[in-house]
Every structure is written in structure tokens, then in C-alpha cells.
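For reference, entry_8.csv is printed below; it contains CSV, C-alpha atoms.
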chain,number,residue,atom,x,y,z
P,111,MET,CA,-23.4,-3.9,5.8
P,112,PHE,CA,-21.0,-6.4,4.3
P,113,ASP,CA,-20.5,-10.2,4.6
P,114,LEU,CA,-17.0,-11.4,5.0
P,115,SER,CA,-17.9,-15.1,4.7
P,116,LEU,CA,-16.2,-15.9,1.4
P,117,TYR,CA,-13.9,-13.0,0.5
P,118,VAL,CA,-12.2,-13.8,-2.8
P,119,ILE,CA,-9.0,-12.0,-3.7
P,120,THR,CA,-8.0,-12.0,-7.4
P,121,ASP,CA,-4.5,-12.8,-8.6
P,122,PRO,CA,-3.5,-12.4,-12.2
P,123,TYR,CA,-0.7,-15.0,-11.9
P,124,LEU,CA,-2.9,-17.8,-10.6
P,125,SER,CA,-6.0,-17.4,-12.8
P,126,LYS,CA,-4.6,-19.4,-15.7
P,127,GLY,CA,-5.2,-16.8,-18.4
P,128,ARG,CA,-8.8,-16.2,-17.5
P,129,SER,CA,-9.7,-12.5,-17.2
P,130,HIS,CA,-10.2,-10.9,-13.8
P,131,ARG,CA,-13.8,-10.3,-14.8
P,132,GLU,CA,-14.4,-13.9,-15.6
P,133,VAL,CA,-12.8,-15.0,-12.4
P,134,VAL,CA,-14.8,-12.6,-10.4
P,135,GLU,CA,-18.2,-13.4,-12.1
P,136,LYS,CA,-17.7,-17.1,-11.5
P,137,ALA,CA,-16.6,-16.7,-7.9
P,138,ILE,CA,-19.7,-14.6,-7.2
P,139,ALA,CA,-21.9,-17.1,-9.0
P,140,GLY,CA,-20.5,-19.7,-6.7
P,141,GLY,CA,-21.2,-17.7,-3.5
P,142,ALA,CA,-18.3,-15.2,-3.0
P,143,THR,CA,-19.6,-12.4,-0.7
P,144,MET,CA,-16.8,-9.9,-1.3
P,145,ILE,CA,-14.2,-9.4,-3.9
P,146,GLN,CA,-10.8,-7.8,-3.5
P,147,LEU,CA,-8.6,-6.6,-6.4
P,148,ARG,CA,-4.9,-6.7,-5.8
P,149,GLU,CA,-2.5,-5.5,-8.4
P,150,LYS,CA,1.1,-4.6,-7.4
P,151,GLU,CA,2.9,-4.8,-10.7
P,152,SER,CA,0.7,-3.1,-13.3
P,153,THR,CA,0.6,0.6,-14.3
P,154,SER,CA,-2.0,2.8,-12.7
P,155,LEU,CA,-3.8,3.0,-16.1
P,156,ASP,CA,-4.0,-0.8,-16.3
P,157,PHE,CA,-5.1,-1.2,-12.7
P,158,TYR,CA,-7.8,1.5,-13.3
P,159,ARG,CA,-9.1,-0.2,-16.5
P,160,LEU,CA,-9.1,-3.5,-14.7
P,161,ALA,CA,-11.0,-2.2,-11.7
P,162,LYS,CA,-13.5,-0.4,-13.9
P,163,GLU,CA,-14.2,-3.7,-15.8
P,164,VAL,CA,-14.5,-5.7,-12.6
P,165,VAL,CA,-16.7,-3.1,-10.7
P,166,SER,CA,-19.3,-3.2,-13.4
P,167,ALA,CA,-19.6,-7.0,-12.8
P,168,THR,CA,-19.6,-6.7,-9.0
P,169,LYS,CA,-22.2,-3.9,-8.9
P,170,LYS,CA,-24.4,-5.9,-11.2
P,171,GLN,CA,-24.1,-8.9,-9.0
P,172,GLY,CA,-24.5,-6.9,-5.8
P,173,VAL,CA,-21.2,-7.9,-4.1
P,174,PRO,CA,-18.8,-5.2,-2.7
P,175,LEU,CA,-15.5,-4.7,-4.5
P,176,ILE,CA,-12.6,-3.8,-2.3
P,177,ILE,CA,-9.4,-2.3,-3.8
P,178,ASN,CA,-6.1,-3.2,-2.2
P,179,ASP,CA,-3.8,-0.3,-1.3
P,180,ARG,CA,-4.6,2.1,-4.0
P,181,VAL,CA,-7.2,4.6,-2.6
P,182,ASP,CA,-7.1,6.6,-5.9
P,183,ILE,CA,-8.1,3.6,-7.9
P,184,ALA,CA,-10.9,2.8,-5.4
P,185,LEU,CA,-12.2,6.4,-5.7
P,186,ALA,CA,-11.8,6.5,-9.4
P,187,VAL,CA,-14.1,3.5,-10.0
P,188,ASP,CA,-16.3,4.1,-7.0
P,189,ALA,CA,-15.5,0.7,-5.4
P,190,GLU,CA,-17.3,-0.1,-2.2
P,191,GLY,CA,-14.1,-0.2,-0.2
P,192,ILE,CA,-10.4,-0.3,0.3
P,193,HIS,CA,-8.0,-2.6,2.1
P,194,VAL,CA,-4.7,-1.4,3.5
P,195,GLY,CA,-1.8,-3.4,4.9
P,196,GLN,CA,0.7,-2.2,7.4
P,197,LYS,CA,2.9,-0.8,4.6
P,198,ASP,CA,0.1,1.1,2.9
P,199,LEU,CA,-1.5,4.5,3.7
P,200,PRO,CA,-2.4,4.8,7.4
P,201,ALA,CA,-6.1,4.0,8.1
P,202,PRO,CA,-7.1,7.5,9.4
P,203,VAL,CA,-5.6,9.1,6.2
P,204,VAL,CA,-7.6,6.6,4.1
P,205,ARG,CA,-10.8,7.2,6.1
P,206,LYS,CA,-10.6,10.9,5.6
P,207,MET,CA,-10.3,10.4,1.8
P,208,ILE,CA,-13.0,7.8,1.3
P,209,GLY,CA,-15.6,9.1,3.8
P,210,LYS,CA,-17.6,7.2,6.3
P,211,ASP,CA,-19.7,5.1,4.0
P,212,LYS,CA,-17.0,3.1,2.2
P,213,ILE,CA,-15.6,-0.1,3.7
P,214,LEU,CA,-12.2,0.1,5.2
P,215,GLY,CA,-10.2,-3.1,5.9
P,216,VAL,CA,-6.9,-3.2,7.6
P,217,SER,CA,-4.4,-6.1,7.9
P,218,ALA,CA,-3.5,-7.1,11.4
P,219,GLY,CA,-0.9,-9.7,12.3
P,220,ASN,CA,-1.1,-9.3,16.1
P,221,ILE,CA,-3.3,-7.9,18.9
P,222,GLU,CA,-1.6,-4.5,18.8
P,223,GLU,CA,-2.2,-3.9,15.1
P,224,ALA,CA,-5.8,-5.2,15.5
P,225,LYS,CA,-6.6,-2.7,18.3
P,226,ILE,CA,-5.0,0.2,16.5
P,227,ALA,CA,-7.0,-0.7,13.4
P,228,GLU,CA,-10.2,-0.8,15.3
P,229,LYS,CA,-9.4,2.5,17.1
P,230,GLU,CA,-8.5,4.1,13.7
P,231,GLY,CA,-11.9,3.3,12.2
P,232,ALA,CA,-11.4,0.1,10.3
P,233,ASP,CA,-14.6,-1.7,9.4
P,234,TYR,CA,-13.0,-5.1,9.5
P,235,ILE,CA,-9.5,-6.6,10.0
P,236,GLY,CA,-7.7,-9.1,7.9
P,237,VAL,CA,-5.8,-11.5,10.1
P,238,GLY,CA,-2.9,-13.6,8.9
P,239,ALA,CA,-1.1,-15.2,7.4
P,240,VAL,CA,-2.9,-18.1,9.1
P,241,PHE,CA,-0.9,-20.7,7.2
P,242,SER,CA,2.1,-20.2,5.1
P,243,THR,CA,1.4,-19.3,1.5
P,244,ALA,CA,3.2,-18.7,-1.7
P,245,THR,CA,0.7,-16.2,-3.0
P,246,LYS,CA,1.9,-13.0,-1.5
P,247,SER,CA,5.6,-12.5,-1.7
P,248,ASP,CA,5.8,-10.1,1.3
P,249,ALA,CA,3.5,-12.1,3.6
P,250,ARG,CA,4.6,-12.4,7.1
P,251,GLN,CA,5.2,-15.6,9.0
P,252,ALA,CA,2.2,-17.9,9.5
P,253,ILE,CA,0.5,-17.2,12.8
P,254,GLY,CA,-1.6,-20.4,13.1
P,255,LEU,CA,-5.2,-20.9,14.4
P,256,GLU,CA,-4.6,-20.2,18.0
P,257,ARG,CA,-3.2,-16.7,17.4
P,258,LEU,CA,-5.8,-16.1,14.7
P,259,GLN,CA,-8.5,-16.6,17.4
P,260,THR,CA,-6.7,-14.4,19.9
P,261,VAL,CA,-6.3,-11.6,17.4
P,262,ALA,CA,-9.8,-11.8,16.1
P,263,LYS,CA,-11.3,-11.8,19.6
P,264,SER,CA,-9.2,-8.8,20.7
P,265,VAL,CA,-11.5,-6.4,18.8
P,266,ASN,CA,-15.2,-5.8,18.3
P,267,ILE,CA,-15.1,-5.4,14.6
P,268,PRO,CA,-15.4,-8.4,12.3
P,269,ALA,CA,-12.3,-10.3,11.2
P,270,VAL,CA,-11.5,-12.2,8.0
P,271,ALA,CA,-8.8,-14.8,8.1
P,272,ILE,CA,-6.2,-14.9,5.3
P,273,GLY,CA,-3.3,-17.0,4.2
P,274,GLY,CA,-3.1,-20.5,2.9
P,275,ILE,CA,-6.9,-21.2,3.5
P,276,ASN,CA,-8.3,-24.0,1.3
P,277,HIS,CA,-11.1,-26.5,1.3
P,278,ASP,CA,-9.3,-28.8,3.7
P,279,ASN,CA,-8.7,-26.3,6.5
P,280,VAL,CA,-11.5,-23.8,6.0
P,281,GLU,CA,-13.8,-25.4,8.6
P,282,ALA,CA,-11.2,-25.2,11.3
P,283,VAL,CA,-10.5,-21.6,10.4
P,284,ILE,CA,-14.1,-20.6,10.6
P,285,GLN,CA,-14.5,-22.5,13.9
P,286,SER,CA,-11.8,-20.4,15.4
P,287,GLY,CA,-14.2,-17.6,15.5
P,288,VAL,CA,-13.6,-15.4,12.5
P,289,ASP,CA,-16.4,-14.0,10.3
P,290,GLY,CA,-15.0,-15.2,7.1
P,291,VAL,CA,-12.1,-16.3,5.0
P,292,ALA,CA,-10.1,-14.5,2.4
P,293,VAL,CA,-9.1,-16.9,-0.3
P,294,VAL,CA,-6.9,-16.6,-3.3
P,295,SER,CA,-5.6,-19.7,-5.0
P,296,ALA,CA,-8.2,-22.2,-3.7
P,297,ILE,CA,-10.8,-20.3,-5.8
P,298,VAL,CA,-8.9,-18.3,-8.4
P,299,ALA,CA,-6.6,-21.2,-9.5
P,300,ALA,CA,-9.4,-23.8,-9.5
P,301,GLU,CA,-10.3,-25.4,-12.8
P,302,ASN,CA,-13.9,-24.8,-12.0
P,303,ILE,CA,-14.0,-21.5,-10.1
P,304,GLN,CA,-17.8,-21.5,-9.5
P,305,LYS,CA,-17.8,-25.1,-8.1
P,306,ALA,CA,-14.7,-24.4,-5.9
P,307,ALA,CA,-16.6,-21.3,-4.5
P,308,GLU,CA,-19.8,-23.3,-4.0
P,309,GLU,CA,-18.1,-26.1,-2.1
P,310,MET,CA,-16.1,-23.7,0.1
P,311,LYS,CA,-19.3,-21.7,0.8
P,312,ILE,CA,-21.0,-24.9,2.1
P,313,PHE,CA,-18.1,-25.6,4.4
P,314,ILE,CA,-18.1,-22.0,5.7
P,315,ASP,CA,-21.9,-21.9,6.3
P,316,ARG,CA,-22.0,-25.2,8.2
P,317,SER,CA,-19.0,-24.2,10.4
P,318,LYS,CA,-20.6,-21.0,11.6
C,143,MET,CA,-0.8,30.4,-10.8
C,144,PHE,CA,2.4,28.4,-11.1
C,145,ASP,CA,5.8,29.0,-12.7
C,146,LEU,CA,7.3,26.1,-14.7
C,147,SER,CA,10.7,27.8,-15.2
C,148,LEU,CA,12.8,25.5,-13.1
C,149,TYR,CA,10.8,22.3,-12.3
C,150,VAL,CA,12.9,20.0,-10.2
C,151,ILE,CA,12.0,16.3,-10.0
C,152,THR,CA,13.5,14.3,-7.2
C,153,ASP,CA,15.1,10.9,-7.6
C,154,PRO,CA,16.2,8.8,-4.6
C,155,TYR,CA,18.9,7.0,-6.7
C,156,LEU,CA,20.7,10.1,-7.8
C,157,SER,CA,20.7,12.2,-4.6
C,158,LYS,CA,23.8,10.6,-3.1
C,159,GLY,CA,22.3,9.7,0.2
C,160,ARG,CA,20.9,13.1,0.9
C,161,SER,CA,17.3,13.1,2.0
C,162,HIS,CA,14.5,14.2,-0.3
C,163,ARG,CA,13.8,17.1,2.0
C,164,GLU,CA,17.4,18.3,1.9
C,165,VAL,CA,17.4,18.0,-1.9
C,166,VAL,CA,14.2,19.9,-2.2
C,167,GLU,CA,15.1,22.7,0.3
C,168,LYS,CA,18.4,23.3,-1.5
C,169,ALA,CA,16.8,23.3,-4.9
C,170,ILE,CA,14.2,25.8,-3.9
C,171,ALA,CA,16.9,28.0,-2.1
C,172,GLY,CA,18.6,28.0,-5.5
C,173,GLY,CA,15.6,29.0,-7.4
C,174,ALA,CA,13.5,25.9,-8.2
C,175,THR,CA,9.9,27.1,-9.0
C,176,MET,CA,8.2,23.7,-8.8
C,177,ILE,CA,9.0,20.4,-7.2
C,178,GLN,CA,7.9,17.0,-8.3
C,179,LEU,CA,8.1,13.8,-6.2
C,180,ARG,CA,8.4,10.6,-8.2
C,181,GLU,CA,8.6,7.3,-6.4
C,182,LYS,CA,7.8,4.1,-8.3
C,183,GLU,CA,9.5,1.6,-6.0
C,184,SER,CA,8.6,2.4,-2.4
C,185,THR,CA,5.6,1.2,-0.5
C,186,SER,CA,2.5,3.5,-0.2
C,187,LEU,CA,3.4,4.2,3.4
C,188,ASP,CA,6.9,5.2,2.6
C,189,PHE,CA,5.8,7.4,-0.3
C,190,TYR,CA,3.2,9.0,2.0
C,191,ARG,CA,5.7,9.7,4.7
C,192,LEU,CA,8.2,11.1,2.2
C,193,ALA,CA,5.6,13.4,0.6
C,194,LYS,CA,4.4,14.6,4.0
C,195,GLU,CA,8.0,15.5,5.0
C,196,VAL,CA,8.6,17.2,1.7
C,197,VAL,CA,5.3,19.1,1.5
C,198,SER,CA,6.0,20.8,4.9
C,199,ALA,CA,9.2,22.2,3.3
C,200,THR,CA,7.7,23.3,0.0
C,201,LYS,CA,4.7,24.9,1.7
C,202,LYS,CA,7.0,26.8,4.0
C,203,GLN,CA,9.1,27.9,1.0
C,204,GLY,CA,6.0,28.7,-1.1
C,205,VAL,CA,6.7,26.4,-4.0
C,206,PRO,CA,4.1,24.0,-5.4
C,207,LEU,CA,4.6,20.3,-4.8
C,208,ILE,CA,3.5,18.0,-7.6
C,209,ILE,CA,3.1,14.3,-7.0
C,210,ASN,CA,3.8,11.9,-9.8
C,211,ASP,CA,1.1,9.3,-10.7
C,212,ARG,CA,-0.3,8.7,-7.2
C,213,VAL,CA,-3.5,10.8,-6.8
C,214,ASP,CA,-4.1,9.3,-3.4
C,215,ILE,CA,-0.7,10.4,-2.1
C,216,ALA,CA,-1.3,13.9,-3.5
C,217,LEU,CA,-4.7,14.1,-1.8
C,218,ALA,CA,-3.4,12.6,1.5
C,219,VAL,CA,-0.7,15.3,1.9
C,220,ASP,CA,-2.6,18.1,0.2
C,221,ALA,CA,0.0,18.6,-2.4
C,222,GLU,CA,-0.6,21.4,-4.9
C,223,GLY,CA,-0.8,19.1,-7.9
C,224,ILE,CA,-0.4,15.8,-9.7
C,225,HIS,CA,1.4,14.8,-12.8
C,226,VAL,CA,0.3,11.9,-14.8
C,227,GLY,CA,2.0,10.1,-17.7
C,228,GLN,CA,0.2,8.2,-20.5
C,229,LYS,CA,0.3,5.0,-18.4
C,230,ASP,CA,-1.2,6.6,-15.3
C,231,LEU,CA,-4.8,7.5,-14.5
C,232,PRO,CA,-6.6,9.3,-17.3
C,233,ALA,CA,-6.6,13.1,-16.9
C,234,PRO,CA,-10.4,13.5,-16.6
C,235,VAL,CA,-10.6,10.9,-13.9
C,236,VAL,CA,-7.8,12.7,-12.0
C,237,ARG,CA,-9.4,16.1,-12.4
C,238,LYS,CA,-12.7,14.8,-11.0
C,239,MET,CA,-10.8,13.5,-7.9
C,240,ILE,CA,-8.6,16.6,-7.3
C,241,GLY,CA,-11.1,19.3,-8.0
C,242,LYS,CA,-10.5,22.4,-10.2
C,243,ASP,CA,-8.0,24.2,-7.9
C,244,LYS,CA,-5.1,21.7,-7.9
C,245,ILE,CA,-2.5,21.7,-10.7
C,246,LEU,CA,-2.8,18.8,-13.2
C,247,GLY,CA,0.2,18.1,-15.5
C,248,VAL,CA,0.1,15.5,-18.2
C,249,SER,CA,3.0,14.0,-20.2
C,250,ALA,CA,2.8,14.5,-24.0
C,251,GLY,CA,5.3,13.1,-26.5
C,252,ASN,CA,3.5,14.3,-29.6
C,253,ILE,CA,0.9,16.7,-30.8
C,254,GLU,CA,-2.0,14.3,-30.5
C,255,GLU,CA,-1.3,13.6,-26.8
C,256,ALA,CA,-0.8,17.3,-26.2
C,257,LYS,CA,-4.1,18.3,-27.7
C,258,ILE,CA,-5.9,15.6,-25.8
C,259,ALA,CA,-4.3,16.7,-22.5
C,260,GLU,CA,-5.4,20.3,-23.2
C,261,LYS,CA,-8.9,19.2,-24.0
C,262,GLU,CA,-9.1,17.0,-20.9
C,263,GLY,CA,-8.2,19.9,-18.6
C,264,ALA,CA,-4.5,19.6,-18.1
C,265,ASP,CA,-3.0,22.8,-16.6
C,266,TYR,CA,0.3,22.2,-18.3
C,267,ILE,CA,2.0,19.5,-20.4
C,268,GLY,CA,5.4,17.9,-19.9
C,269,VAL,CA,7.0,17.3,-23.3
C,270,GLY,CA,9.8,14.9,-23.8
C,271,ALA,CA,12.0,13.2,-23.6
C,272,VAL,CA,13.8,16.0,-25.4
C,273,PHE,CA,17.2,14.3,-25.2
C,274,SER,CA,18.0,10.7,-24.3
C,275,THR,CA,18.3,10.1,-20.6
C,276,ALA,CA,19.1,7.3,-18.2
C,277,THR,CA,17.0,8.6,-15.4
C,278,LYS,CA,13.6,7.2,-16.3
C,279,SER,CA,13.7,3.6,-17.3
C,280,ASP,CA,10.5,3.7,-19.3
C,281,ALA,CA,11.2,7.0,-21.0
C,282,ARG,CA,10.4,7.1,-24.6
C,283,GLN,CA,12.7,7.9,-27.5
C,284,ALA,CA,14.2,11.4,-27.6
C,285,ILE,CA,12.2,13.8,-29.7
C,286,GLY,CA,14.7,16.6,-30.1
C,287,LEU,CA,14.3,20.4,-30.0
C,288,GLU,CA,12.3,20.8,-33.2
C,289,ARG,CA,9.6,18.4,-32.2
C,290,LEU,CA,9.6,19.8,-28.7
C,291,GLN,CA,8.8,23.2,-30.2
C,292,THR,CA,6.1,21.8,-32.5
C,293,VAL,CA,4.4,19.9,-29.6
C,294,ALA,CA,4.6,22.9,-27.2
C,295,LYS,CA,3.2,25.3,-29.8
C,296,SER,CA,0.3,23.0,-30.6
C,297,VAL,CA,-1.5,23.9,-27.4
C,298,ASN,CA,-2.5,27.0,-25.5
C,299,ILE,CA,-1.5,25.7,-22.0
C,300,PRO,CA,2.1,26.0,-20.8
C,301,ALA,CA,4.7,23.4,-21.5
C,302,VAL,CA,7.6,22.2,-19.6
C,303,ALA,CA,10.4,20.3,-21.4
C,304,ILE,CA,11.8,17.1,-19.9
C,305,GLY,CA,14.5,14.6,-20.6
C,306,GLY,CA,18.3,15.0,-20.6
C,307,ILE,CA,18.2,18.8,-19.9
C,308,ASN,CA,21.4,20.2,-18.3
C,309,HIS,CA,23.4,23.4,-18.0
C,310,ASP,CA,24.8,23.0,-21.4
C,311,ASN,CA,21.6,22.6,-23.4
C,312,VAL,CA,19.0,24.5,-21.2
C,313,GLU,CA,19.3,27.7,-23.1
C,314,ALA,CA,18.5,26.1,-26.4
C,315,VAL,CA,15.6,24.3,-24.8
C,316,ILE,CA,14.1,27.4,-23.4
C,317,GLN,CA,14.6,29.3,-26.7
C,318,SER,CA,12.5,26.6,-28.4
C,319,GLY,CA,9.6,28.2,-26.8
C,320,VAL,CA,8.7,26.2,-23.7
C,321,ASP,CA,7.8,27.8,-20.3
C,322,GLY,CA,10.3,25.9,-18.3
C,323,VAL,CA,12.5,22.8,-17.9
C,324,ALA,CA,12.0,19.8,-15.8
C,325,VAL,CA,15.3,18.7,-14.5
C,326,VAL,CA,16.4,15.6,-12.5
C,327,SER,CA,20.1,14.7,-12.4
C,328,ALA,CA,21.5,18.2,-13.3
C,329,ILE,CA,20.2,19.4,-10.0
C,330,VAL,CA,19.6,16.4,-7.8
C,331,ALA,CA,22.9,14.7,-8.5
C,332,ALA,CA,25.0,17.9,-8.2
C,333,GLU,CA,27.5,18.2,-5.4
C,334,ASN,CA,26.2,21.6,-4.6
C,335,ILE,CA,22.5,21.5,-5.3
C,336,GLN,CA,21.7,25.1,-4.5
C,337,LYS,CA,24.5,26.4,-6.8
C,338,ALA,CA,23.5,24.1,-9.6
C,339,ALA,CA,19.9,25.4,-9.3
C,340,GLU,CA,21.1,29.0,-9.2
C,341,GLU,CA,23.2,28.7,-12.3
C,342,MET,CA,20.5,27.0,-14.2
C,343,LYS,CA,18.0,29.6,-13.2
C,344,ILE,CA,20.2,32.3,-14.6
C,345,PHE,CA,20.5,30.5,-17.9
C,346,ILE,CA,16.7,30.0,-18.0
C,347,ASP,CA,15.9,33.6,-17.1
C,348,ARG,CA,18.2,35.1,-19.7
C,349,SER,CA,16.9,32.8,-22.4
C,350,LYS,CA,13.3,33.7,-22.0

C-alpha cells encoding of this file:
Amino acid sequence: MFDLSLYVITDPYLSKGRSHREVVEKAIAGGATMIQLREKESTSLDFYRLAKEVVSATKKQGVPLIINDRVDIALAVDAEGIHVGQKDLPAPVVRKMIGKDKILGVSAGNIEEAKIAEKEGADYIGVGAVFSTATKSDARQAIGLERLQTVAKSVNIPAVAIGGINHDNVEAVIQSGVDGVAVVSAIVAAENIQKAAEEMKIFIDRSK
Amino acid sequence: MFDLSLYVITDPYLSKGRSHREVVEKAIAGGATMIQLREKESTSLDFYRLAKEVVSATKKQGVPLIINDRVDIALAVDAEGIHVGQKDLPAPVVRKMIGKDKILGVSAGNIEEAKIAEKEGADYIGVGAVFSTATKSDARQAIGLERLQTVAKSVNIPAVAIGGINHDNVEAVIQSGVDGVAVVSAIVAAENIQKAAEEMKIFIDRSK
């Protein structure tokens, strides 16, 4: 099983020169329940090395590592799961490659995508962008809390909300009925990553 | 077994609006013995769809399809092999993922890289760039025919030469002792792809 409560996604451009490993270790120390590595620009070799470095930390700390998009990287480092967007490999193709035990997450921006993801064997959906965000260049238009709730409730698998979630809005997001929040800058760009994670975890736990 | 003689690499920017499938079918009709798909810019979904479309043609025509860099795409479409450069996943990691039956090619620009590739289980090496070329933006400096020969002879696995090879220089390249030539623009950008392949195949066969 996995816990979507505080799902931290790394971003090399926001982490102020700190290594992915440092960011990940501090986020987990502060209560992150899942980690996702996202790397769109680096070479396959660099992504592989990075994932290998991070997975040794996440395995030690007992938190699942999810690789974004690149199934080969996930398999190469034996990560616990893979997350695919609507422009990545189709979920059934991914499931066939990773087997039934690894976690498969699929991005869903509307009810149709959510239902297809569920039908195709996703273990969870990532719903967003809830609020507008500058983090992901190809992020779709913000859907807001009402649609987040509608999409999350349209399926029986857990949902994690993503997009512009921070300490100010996290309680409202959790109260809309999702199982957790995926956070990038509110944790990764914080001066004190561990403290930022701890504070957010408190908000999440008391809103559930 | 596989035949490196005329190894055609697709390039979407050179193919003058013709589909990858059309380019590949005509190249094989003209005598291409292997096909490589290289896509660095497209989304994973687009690369997957493209590879799926092309693999149905190459399987029908009985020519191995090699996917560049992306092991997940190769596995997803059951391509016959994968080619990795020095900035891609390490050869032993790839071999573990693809099993012993799929073809593994590794780029080698010098003797050291060639010997490591052989030791790590590569089925062939790609040696180059023989001549300077505008096709691959990250291509290394041209090594020339003499070094091509030295690198190719340093290992017991077959070698395919790559980089700036065309109808004018292909005979000299083959005579330097490689098993084949990897060609992009001389075939893919030709007005008549099949004829360009046929002519090159004649030059290759008579130089061996």
C-alpha cells in the first residue's frame, strides 16, 4: 500500500542548488509520504544516476519513489512506481512492463480521463492543475476545487491533487475529498525543507 | 543474427514531410538491412505511436528495428533492439532489462569506449562521427577513416560506421573494415529514397 498524503515532486530548478538527494531526505524527514522524480531535460544517463542516488535514500527511509514518464529509468533503479501523464506511454502498456506490484499513477484533468485511468489499471490518479502554477511548463489550465472534487469522486481509486498547492490552500484542497496533495515548490523551494514538510503534514492530517 | 550493411536512421527533420513509415518502407525496399528510430524531441506518447507504426512495417519486411536511447519504447513495441550512446543508460543496465535475445548497440568514439562496450555485452558498436555532420547536434568531432579502422579493429564484435556517410565516401568507409554504414540524410533526405538506398547498397556490397 501507499500513502498519497504528502507527495513531494522534485524540481532541479527550484531546489536552490541543493542536491535531489538532500531535498528528498529532508522532505521525508519532515513527513513526505511519497517522492516523485521528474526530469525532462537531462540525458538518460544523468536521470538514471540521479534516480539511483535518490532511490537509495528513499528505500532506506521506507518511502516509495515514483519516476515520472520514464518507465526504463523506473525499471533500471527498481523504483516503487511510475507516473504517466496524458502525453506519456499509455497506462496499459506501462502496466504490462512494470508488472502488477509496482505503483502506477496517471494524470487526469477531467472525469473521462479519470475513468479511463481507473479502467486501465492505474493505482491512483493525479488531478490538476488545481490552481495555476509556474512549475510545469505544459500544465493545463487550472481546474479549481469544485472540479477537483468531481473528478476525484468519479473513481474508486485514490486521488492526489496537484498544481499550485501551498501551505495556505492545502487544507481546502484536502477537504475537497482527495487522499493527498502533490507539492513541488512549497517544499522543494523552501529555505527549510524539513520544516516546510512538517508544517504541511500537520495541515493535511488535521484536514482529513 | 543481424546485418549492419546498410543501417538507416530516421530523422523527422530531414524526411521532407514524408512519414517515418513511408521513409522506412522505401529504405527497406531499396535494401536497408537495419532501421533505427531516433526521436529526441517528441513526447513519450508520440514516440511510442511512431515506433508502433514503424515496427509493424519492419516486422512485415523482416528487418530489425532498433530504438535509440529509450529502452521503455523498445520494450513497449517489442523492437528487435536498442542503441545507446555514451550519455544514455549504461549497457549492462540495458542488457538486464532487454534480455539476451534483443540486439544491443553502443556508440564508441575511441578504443576505450569500444572495448568497454564489448566487455559490457554490446552486440555491435557504432563508431563515429567518421566525417563531420549537421544531423546530430551533439555529435562529437569527426574521427576520420584511420581512427574508424583502429576503433573497429580493436574489438571482436561488428562495427557500423556513422557520421557524414554518403554515396561519395561509402566505399572508402566500408574498405576501412567496418561491417556496415549508418546513414541518415543520404537516404532519408533523398528525393527517391528507394533508389538512394539501392545505389548505396550496390556500393557497399562491391566494397566488402

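Residues of protein, DNA or RNA having at least one counted atom within 9 Å of (2.1, 13.1, -26.8), given all atoms listed in the file, are Gln228, Ser249, Ala250, Gly251, Asn252, Ile253, Glu254, Glu255, Ala256, Lys257, Ile258, Ala259, Val269, Gly270 and Val293 of chain C.
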
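Counting from CA of Ala169 in chain C, the distance to CA of Leu290 in chain C is 25.1 Å.
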
If you count all atoms listed in the file, which residues fall within 6 Å of range 182-191 of chain P, apart from same-chain ones fewer than 4 positions away, as a PyMOL selection string?
(chain P and resi 158+162+174-177+212-214) or (chain C and resi 213-214)

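Atom to atom, CA of Gly172 in chain P and CA of Ala292 in chain P stand 18.2 Å apart.
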
With a distance cut-off of 12 Å and all atoms listed in the file, select the neighbouring residues of Glu183 in chain C, excluding the residue or stretch itself and same-chain residues fewer than 4 positions from it, and output the selection as a list in words.
Lys150 and Glu151 of chain P; Asp153, Pro154, Tyr155, Leu187, Asp188 and Phe189 of chain C

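Atom to atom, CA of Thr168 in chain P and CA of Ile145 in chain P stand 7.9 Å apart.
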
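Considering the residues C:Leu179, C:Met143, C:Thr185, C:Glu341 and counting only C-alpha atoms, chain P has its shortest atom-to-atom contact with C:Thr185.
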
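Only residues having an atom at most 7 Å from (-10.2, -10.9, -5.6) are included; using only C-alpha atoms, these are P:Val118, P:Ile119, P:Thr120, P:Asp121, P:Val134, P:Ile145, P:Gln146, P:Leu147, P:Arg148, P:Val294.
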
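Remark: for Gly141 in chain P, the closest of the candidate residues P:Gln259, P:Gln171, P:Ser129, P:Ser286 is P:Gln171 (distances computed over all atoms listed in the file).
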
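With only C-alpha atoms as the atoms that count, the minimum distance from Lys343 in chain C to the choices C:Val320, C:Asn308, C:Ala303, C:Ala264 is reached by C:Asn308.
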
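Each of P:Gln285, P:Ser115, P:Ser125, P:Ser154 was compared to chain C using all atoms listed in the file, and P:Ser154 turns out to be the nearest.
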
For Ser327 in chain C, find every residue with an atom within 8 Å (counting only C-alpha atoms), except residues of its own chain fewer than 2 positions away, and show them as a PyMOL selection string.
chain C and resi 153+156+277+325+329-332

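With only C-alpha atoms as the atoms that count, the minimum distance from chain P to the choices C:Val236, C:Val272, C:Ala199, C:Ile267 is reached by C:Val236.
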
Place N, CA and C atoms on range 289-300 of chain P and deliver the coordinates as an mmCIF file, in the coordinates of the input.
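Dumped to result_34.cif:
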data_model
loop_
_atom_site.group_PDB
_atom_site.id
_atom_site.type_symbol
_atom_site.label_atom_id
_atom_site.label_comp_id
_atom_site.auth_asym_id
_atom_site.auth_seq_id
_atom_site.Cartn_x
_atom_site.Cartn_y
_atom_site.Cartn_z
ATOM 1 N N ASP P 289 -15.157 -14.169 11.072
ATOM 2 C CA ASP P 289 -16.400 -14.000 10.300
ATOM 3 C C ASP P 289 -16.339 -14.445 8.893
ATOM 4 N N GLY P 290 -15.141 -14.737 8.436
ATOM 5 C CA GLY P 290 -15.000 -15.200 7.100
ATOM 6 C C GLY P 290 -13.584 -15.526 6.734
ATOM 7 N N VAL P 291 -13.421 -16.016 5.509
ATOM 8 C CA VAL P 291 -12.100 -16.300 5.000
ATOM 9 C C VAL P 291 -11.781 -15.612 3.735
ATOM 10 N N ALA P 292 -10.559 -15.103 3.652
ATOM 11 C CA ALA P 292 -10.100 -14.500 2.400
ATOM 12 C C ALA P 292 -9.295 -15.564 1.672
ATOM 13 N N VAL P 293 -9.666 -15.808 0.438
ATOM 14 C CA VAL P 293 -9.100 -16.900 -0.300
ATOM 15 C C VAL P 293 -8.579 -16.443 -1.647
ATOM 16 N N VAL P 294 -7.408 -16.916 -2.006
ATOM 17 C CA VAL P 294 -6.900 -16.600 -3.300
ATOM 18 C C VAL P 294 -6.875 -17.857 -4.161
ATOM 19 N N SER P 295 -5.806 -18.629 -4.046
ATOM 20 C CA SER P 295 -5.600 -19.700 -5.000
ATOM 21 C C SER P 295 -6.669 -20.814 -4.944
ATOM 22 N N ALA P 296 -7.241 -21.091 -3.765
ATOM 23 C CA ALA P 296 -8.200 -22.200 -3.700
ATOM 24 C C ALA P 296 -9.455 -21.896 -4.552
ATOM 25 N N ILE P 297 -9.676 -20.642 -4.884
ATOM 26 C CA ILE P 297 -10.800 -20.300 -5.800
ATOM 27 C C ILE P 297 -10.235 -19.893 -7.158
ATOM 28 N N VAL P 298 -9.327 -18.929 -7.151
ATOM 29 C CA VAL P 298 -8.900 -18.300 -8.400
ATOM 30 C C VAL P 298 -8.125 -19.270 -9.298
ATOM 31 N N ALA P 299 -7.401 -20.220 -8.688
ATOM 32 C CA ALA P 299 -6.600 -21.200 -9.500
ATOM 33 C C ALA P 299 -7.378 -22.450 -9.791
ATOM 34 N N ALA P 300 -8.608 -22.567 -9.295
ATOM 35 C CA ALA P 300 -9.400 -23.800 -9.500
ATOM 36 C C ALA P 300 -9.760 -23.934 -10.989
#
